[in-house]
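A.B. asks: Next comes start_15.tsv, TSV, C-alpha atoms:
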chain	number	residue	atom	x	y	z
I	298	ILE	CA	22.97	16.66	21.65
I	299	GLU	CA	20.43	14.08	22.73
I	300	ALA	CA	22.20	13.52	26.06
I	301	ASP	CA	22.45	17.26	26.70
I	302	ILE	CA	18.75	17.79	26.06
I	303	ALA	CA	17.88	14.86	28.35
I	304	LYS	CA	19.78	16.59	31.15
I	305	THR	CA	18.71	20.19	30.61
I	306	SER	CA	15.24	19.97	29.02
I	307	PRO	CA	13.93	16.39	29.35
I	308	LYS	CA	10.36	17.38	28.45
I	309	SER	CA	11.31	19.46	25.42
I	310	SER	CA	9.76	18.53	22.04
I	311	ILE	CA	13.28	18.74	20.63
I	312	ARG	CA	14.24	15.58	22.52
I	313	PRO	CA	12.11	13.12	20.48
I	314	TYR	CA	13.02	15.05	17.32
I	315	VAL	CA	16.73	14.46	17.94
I	316	THR	CA	16.20	10.90	19.18
I	317	TYR	CA	14.30	9.85	16.06
I	318	ARG	CA	16.95	11.26	13.74
I	319	ARG	CA	19.70	9.61	15.71
I	320	LEU	CA	17.94	6.25	15.44
I	321	LEU	CA	17.30	6.72	11.73
I	322	SER	CA	20.86	7.79	10.93
I	323	GLU	CA	22.34	4.87	12.90
I	324	TYR	CA	20.06	2.41	11.09
I	325	THR	CA	20.89	3.90	7.69
I	326	LEU	CA	24.64	3.80	8.28
I	327	ASP	CA	24.51	0.25	9.65
I	328	LEU	CA	22.54	-0.91	6.59
I	329	GLN	CA	25.10	0.61	4.23
I	330	GLN	CA	27.87	-1.41	5.86
I	331	ALA	CA	25.96	-4.62	6.58
I	332	THR	CA	26.25	-7.99	4.93
I	333	THR	CA	23.11	-9.64	3.59
I	334	GLU	CA	22.92	-11.88	6.66
I	335	ARG	CA	23.24	-8.90	9.01
I	336	ARG	CA	20.45	-6.92	7.34
I	337	GLN	CA	17.68	-9.09	8.80
I	338	GLU	CA	19.10	-8.62	12.29
I	339	LEU	CA	19.26	-4.85	11.76
I	340	GLN	CA	15.65	-4.79	10.57
I	341	VAL	CA	14.49	-6.58	13.72
I	342	GLN	CA	16.41	-4.14	15.91
I	343	TRP	CA	15.08	-1.16	13.94
I	344	LEU	CA	11.50	-2.27	14.57
I	345	LYS	CA	12.24	-2.68	18.28
I	346	ASN	CA	13.68	0.85	18.33
I	347	LEU	CA	10.64	2.20	16.51
I	348	GLU	CA	8.30	0.51	18.97
I	349	ALA	CA	10.23	1.93	21.93
I	350	PHE	CA	10.16	5.40	20.35
I	351	ALA	CA	6.43	5.28	19.53
I	352	THR	CA	5.65	4.08	23.05
I	353	THR	CA	7.86	6.65	24.80
I	354	TYR	CA	6.87	9.60	22.61
I	355	PRO	CA	3.30	8.90	21.39
I	356	THR	CA	2.55	12.58	20.68
I	357	ALA	CA	5.85	13.47	18.98
I	358	ASP	CA	5.80	14.83	15.44
I	359	ASP	CA	7.61	11.70	14.23
I	360	ALA	CA	5.35	9.25	16.10
I	361	PRO	CA	2.90	8.83	13.17
I	362	ASP	CA	5.75	7.86	10.83
I	363	ALA	CA	7.16	5.40	13.37
I	364	GLN	CA	3.75	3.83	13.97
I	365	LEU	CA	3.05	3.53	10.25
I	366	GLN	CA	6.39	1.83	9.65
I	367	LEU	CA	5.60	-0.65	12.43
I	368	ALA	CA	2.16	-1.37	11.00
I	369	VAL	CA	3.43	-1.82	7.45
I	370	ALA	CA	6.33	-4.04	8.51
I	371	ASN	CA	4.00	-6.31	10.46
I	372	GLU	CA	1.51	-6.49	7.57
I	373	PHE	CA	4.28	-7.41	5.13
I	374	ALA	CA	5.42	-10.12	7.54
I	375	GLY	CA	1.90	-11.52	7.73
I	376	ASN	CA	1.37	-10.41	11.34
I	377	VAL	CA	-2.05	-8.88	10.67
I	378	THR	CA	-3.05	-8.70	14.35
I	379	ASP	CA	0.04	-6.66	15.24
I	380	ALA	CA	-0.39	-4.55	12.10
I	381	ARG	CA	-3.97	-3.76	13.11
I	382	LYS	CA	-2.80	-2.79	16.59
I	383	TRP	CA	-0.48	-0.14	15.16
I	384	TYR	CA	-2.91	1.02	12.50
I	385	ASP	CA	-5.63	1.44	15.16
I	386	ARG	CA	-3.29	3.28	17.50
I	387	LEU	CA	-2.22	5.57	14.70
I	388	ILE	CA	-5.83	6.37	13.79
I	389	ALA	CA	-6.72	7.07	17.42
I	390	GLN	CA	-3.70	9.26	18.18
I	391	HIS	CA	-3.03	10.98	14.85
I	392	THR	CA	-6.30	10.88	12.91
I	393	GLU	CA	-5.69	13.92	10.72
I	394	SER	CA	-2.07	13.21	9.88
I	395	ASN	CA	-1.03	11.82	6.50
I	396	ALA	CA	0.00	8.59	8.22
I	397	GLY	CA	-3.32	8.45	10.07
I	398	GLN	CA	-5.24	8.72	6.80
I	399	ARG	CA	-3.15	5.95	5.28
I	400	ALA	CA	-3.78	3.80	8.36
I	401	ALA	CA	-7.53	4.35	8.08
I	402	GLY	CA	-7.36	3.22	4.46
I	403	ALA	CA	-5.31	0.16	5.38
I	404	VAL	CA	-7.88	-0.88	8.00
I	405	ARG	CA	-10.62	-0.36	5.41
I	406	ARG	CA	-8.68	-2.66	3.05
I	407	LEU	CA	-8.03	-5.33	5.69
I	408	ASP	CA	-11.76	-5.38	6.56
I	409	LEU	CA	-12.92	-5.14	2.95
I	410	GLN	CA	-13.90	-8.72	2.16
I	411	GLY	CA	-17.68	-9.03	1.85
I	412	LYS	CA	-18.24	-5.26	1.92
I	413	GLN	CA	-19.13	-2.84	-0.84
I	414	PHE	CA	-16.07	-1.66	-2.75
I	415	VAL	CA	-16.20	2.10	-3.23
I	416	LEU	CA	-13.65	3.92	-5.38
I	417	SER	CA	-13.86	6.66	-7.97
I	418	GLY	CA	-11.55	9.25	-9.48
I	419	LYS	CA	-10.51	11.01	-12.64
I	420	GLY	CA	-9.70	8.87	-15.65
I	421	LEU	CA	-7.03	9.60	-18.22
I	422	SER	CA	-9.60	11.48	-20.32
I	423	GLY	CA	-10.54	13.68	-17.37
I	424	ARG	CA	-13.98	12.21	-16.78
I	425	THR	CA	-14.87	10.41	-13.56
I	426	VAL	CA	-14.38	6.65	-13.48
I	427	SER	CA	-16.02	4.62	-10.72
I	428	ALA	CA	-15.92	1.01	-9.62
I	429	ALA	CA	-19.72	1.26	-9.44
I	430	ASP	CA	-19.75	1.49	-13.25
I	431	TYR	CA	-18.84	-2.21	-13.31
I	432	ARG	CA	-21.76	-3.53	-11.29
I	433	GLY	CA	-22.76	-6.88	-12.76
I	434	LYS	CA	-19.16	-7.72	-13.65
I	435	VAL	CA	-16.39	-9.44	-11.74
I	436	LEU	CA	-13.90	-6.60	-11.38
I	437	LEU	CA	-10.15	-6.75	-10.81
I	438	VAL	CA	-8.92	-3.47	-9.31
I	439	LEU	CA	-5.24	-3.19	-10.13
I	440	TYR	CA	-3.03	-0.60	-8.43
I	441	TRP	CA	0.14	-0.15	-10.48
I	442	SER	CA	2.82	2.20	-11.82
I	443	THR	CA	5.15	2.27	-14.81
I	444	TRP	CA	8.19	1.99	-12.51
I	445	CYS	CA	6.88	-1.15	-10.78
I	446	LYS	CA	8.82	-4.10	-12.24
I	447	PRO	CA	6.48	-6.82	-10.86
I	448	CYS	CA	3.54	-4.94	-12.40
I	449	THR	CA	5.14	-5.21	-15.82
I	450	GLU	CA	6.06	-8.85	-15.27
I	451	ASP	CA	2.44	-9.73	-14.42
I	452	LEU	CA	0.93	-7.95	-17.42
I	453	PRO	CA	1.17	-10.76	-20.03
I	454	GLN	CA	-0.77	-13.13	-17.78
I	455	ILE	CA	-3.32	-10.47	-16.84
I	456	ARG	CA	-3.87	-9.59	-20.51
I	457	ALA	CA	-4.36	-13.28	-21.30
I	458	LEU	CA	-6.95	-13.64	-18.52
I	459	TYR	CA	-8.74	-10.51	-19.77
I	460	ALA	CA	-8.88	-11.84	-23.32
I	461	GLN	CA	-10.11	-15.22	-22.13
I	462	TYR	CA	-12.79	-14.11	-19.69
I	463	GLN	CA	-13.96	-10.62	-20.68
I	464	ASP	CA	-16.92	-12.01	-22.63
I	465	LEU	CA	-17.95	-13.93	-19.50
I	466	GLY	CA	-18.11	-10.77	-17.41
I	467	PHE	CA	-14.53	-10.17	-16.25
I	468	GLU	CA	-13.32	-6.56	-16.21
I	469	ILE	CA	-10.25	-4.69	-15.00
I	470	LEU	CA	-9.96	-1.20	-13.57
I	471	GLY	CA	-6.43	0.16	-13.28
I	472	VAL	CA	-5.40	2.68	-10.63
I	473	ASN	CA	-2.19	4.34	-11.76
I	474	LEU	CA	0.10	5.70	-9.05
I	475	ASP	CA	2.85	7.33	-11.11
I	476	ALA	CA	3.98	10.72	-9.78
I	477	THR	CA	3.31	12.32	-13.17
I	478	VAL	CA	1.03	11.37	-16.05
I	479	ASP	CA	3.73	11.67	-18.74
I	480	PRO	CA	4.88	8.02	-18.91
I	481	VAL	CA	1.44	6.45	-18.55
I	482	ALA	CA	0.03	6.63	-22.11
I	483	PRO	CA	3.29	5.48	-23.80
I	484	TYR	CA	3.56	2.60	-21.33
I	485	MET	CA	-0.04	1.51	-21.91
I	486	LYS	CA	0.49	1.60	-25.67
I	487	GLN	CA	3.74	-0.38	-25.45
I	488	HIS	CA	2.23	-3.05	-23.18
I	489	ARG	CA	-1.21	-3.13	-24.84
I	490	VAL	CA	-3.15	-2.10	-21.74
I	491	THR	CA	-6.71	-1.41	-22.90
I	492	TRP	CA	-8.76	-1.25	-19.69
I	493	GLN	CA	-9.80	2.02	-18.04
I	494	GLN	CA	-7.67	3.82	-15.48
I	495	ILE	CA	-8.19	6.01	-12.45
I	496	ARG	CA	-5.30	8.46	-12.26
I	497	GLU	CA	-5.01	11.35	-9.86
I	498	GLU	CA	-2.13	13.44	-8.58
I	499	GLY	CA	-0.04	12.29	-5.65
I	500	GLY	CA	1.06	8.77	-6.57
I	501	LEU	CA	1.31	6.64	-3.43
I	502	GLU	CA	0.34	9.71	-1.42
I	503	GLY	CA	-2.73	10.46	-3.55
I	504	LYS	CA	-6.39	9.90	-2.70
I	505	PRO	CA	-6.85	6.57	-4.56
I	506	ALA	CA	-3.88	5.04	-2.70
I	507	LYS	CA	-4.90	6.44	0.69
I	508	ALA	CA	-8.47	5.23	0.24
I	509	TYR	CA	-7.33	1.64	0.87
I	510	GLY	CA	-3.92	2.22	2.44
I	511	VAL	CA	-2.04	0.83	-0.56
I	512	ILE	CA	1.57	0.35	0.53
I	513	SER	CA	3.11	-1.75	-2.25
I	514	LEU	CA	2.66	-2.40	-5.96
I	515	PRO	CA	1.08	-4.22	-7.55
I	516	THR	CA	-1.91	-4.42	-5.21
I	517	MET	CA	-4.92	-6.23	-6.64
I	518	MET	CA	-8.41	-6.55	-5.21
I	519	LEU	CA	-11.31	-8.54	-6.63
I	520	VAL	CA	-14.91	-7.33	-6.59
I	521	GLY	CA	-17.95	-9.50	-7.26
I	522	ARG	CA	-20.89	-8.82	-9.54
I	523	ASP	CA	-22.82	-7.40	-6.57
I	524	GLY	CA	-20.15	-4.76	-5.93
I	525	LYS	CA	-18.86	-6.48	-2.79
I	526	ALA	CA	-15.20	-7.41	-2.38
I	527	ILE	CA	-14.38	-11.06	-2.89
I	528	LYS	CA	-10.70	-10.67	-2.02
I	529	ASN	CA	-8.87	-7.71	-0.48
I	530	SER	CA	-5.65	-9.09	-1.97
I	531	VAL	CA	-5.39	-11.44	-4.92
I	532	SER	CA	-2.46	-12.76	-6.93
I	533	VAL	CA	-2.19	-13.69	-10.58
I	534	ALA	CA	-1.86	-17.35	-9.58
I	535	GLU	CA	-5.14	-17.17	-7.64
I	536	LEU	CA	-6.85	-15.51	-10.58
I	537	LYS	CA	-5.72	-18.22	-12.95
I	538	GLN	CA	-6.98	-20.92	-10.62
I	539	SER	CA	-10.21	-19.46	-9.27
I	540	LEU	CA	-11.48	-16.82	-11.71
I	541	PRO	CA	-13.81	-19.29	-13.54
I	542	ASP	CA	-15.52	-20.12	-10.22
I	543	TRP	CA	-15.76	-16.47	-9.19
I	544	LEU	CA	-17.37	-15.67	-12.52
I	545	LYS	CA	-19.95	-18.35	-11.77
I	546	GLY	CA	-20.60	-16.85	-8.34
I	547	LYS	CA	-18.98	-19.69	-6.43
Represent the structure contained in this file as structure tokens.

C.D. replies:
Amino acid sequence: IEADIAKTSPKSSIRPYVTYRRLLSEYTLDLQQATTERRQELQVQWLKNLEAFATTYPTADDAPDAQLQLAVANEFAGNVTDARKWYDRLIAQHTESNAGQRAAGAVRRLDLQGKQFVLSGKGLSGRTVSAADYRGKVLLVLYWSTWCKPCTEDLPQIRALYAQYQDLGFEILGVNLDATVDPVAPYMKQHRVTWQQIREEGGLEGKPAKAYGVISLPTMMLVGRDGKAIKNSVSVAELKQSLPDWLKGK
């Protein structure tokens, strides 16, 4: 089909539509049959194919998805410069798309350190919860879900840090990204989660996730007493090591 369209209607919008689905189906089938060693090679080739597609068909309906995948893959790999290139291109070419909004949030997150952290949304009780409510505290903003295994694995250490440092001005604001609210309260009770939550509809596609382009869970950001971000990404290990200094303003 792709070859026929290239011959008869090379400028048709159907051509990139078919091309993208051919690339995706080939990649999916190859992954299903690949050994562990082969998977890394396939991933590299997939990213090359995505880049070629996004460059050849920058206005295609699937271009935003391809560009977002390229940006996310580069960010995960630690290639922030390349990630920014694709995020910026996505914002410029597809501003109003879902992927463009996520890219804008991701750039906001990457540039967050030293800037005011702004986030608010509905809490579990229905009233508005805002990061601004915690001015004067050192605030850990924790994006999580009940289905996120690493989130659950980190909880005992996070609870211990909260118990140890809350009286010194350490607070936590959860941002729950479950698709539905049903499992949230039972999970919090089971795992003794006592800090406030922002929870809105949409999960990873919802407003709180898009606001900072959250692409994986858990994502944790640290905000200083002045409301400015100290870290746009922080780990439990970093918290254990440096939280006492951050609480002292160092």

A.B. asks: Using only C-alpha atoms for the distances, tell me which of I:Ala368, I:Val435, I:Ile495, I:Met518 is nearest to Ala351 (chain I).

C.D. replies: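 So, comparing all the options, the nearest one is I:Ala368.
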
A.B. asks: Which distance in Å separates CA of Glu497 (chain I) and CA of Arg456 (chain I), to one decimal?

C.D. replies: 23.5 Å

A.B. asks: Which residues are close to region 369-384 of chain I, i.e. within 8 Å by all atoms listed in the file, leaving aside same-chain residues fewer than 5 positions away? Reply as a ChimeraX atom specification.

C.D. replies: /I:364,397,400-401,403-404,512

A.B. asks: Write the selection just made, keeping C-alpha atoms, as an mmCIF file, in the frame of the given file?

C.D. replies:
data_model
loop_
_atom_site.group_PDB
_atom_site.id
_atom_site.type_symbol
_atom_site.label_atom_id
_atom_site.label_comp_id
_atom_site.auth_asym_id
_atom_site.auth_seq_id
_atom_site.Cartn_x
_atom_site.Cartn_y
_atom_site.Cartn_z
ATOM 1 C CA GLN I 364 3.750 3.830 13.970
ATOM 2 C CA GLY I 397 -3.320 8.450 10.070
ATOM 3 C CA ALA I 400 -3.780 3.800 8.360
ATOM 4 C CA ALA I 401 -7.530 4.350 8.080
ATOM 5 C CA ALA I 403 -5.310 0.160 5.380
ATOM 6 C CA VAL I 404 -7.880 -0.880 8.000
ATOM 7 C CA ILE I 512 1.570 0.350 0.530
#

A.B. asks: For the atom pair CA of Glu323 (chain I) and CA of Leu387 (chain I), what is the interatomic distance in Å to one decimal place?

C.D. replies: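 Separating CA of Glu323 (chain I) from CA of Leu387 (chain I) is a distance of 24.6 Å.
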
A.B. asks: Hey, which of I:Leu339, I:Val511, I:Ile527, I:Leu544 ends up closest to Leu320 (chain I)? Count only C-alpha atoms.

C.D. replies: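 So, comparing all the options, the nearest one is I:Leu339.
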
A.B. asks: For Arg489 (chain I), which of I:Ile302, I:Ala363, I:Ala457, I:Leu326 is the closest residue, counting all atoms listed in the file?

C.D. replies: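 Looking at the shortest contact to Arg489 (chain I), the residue is I:Ala457.
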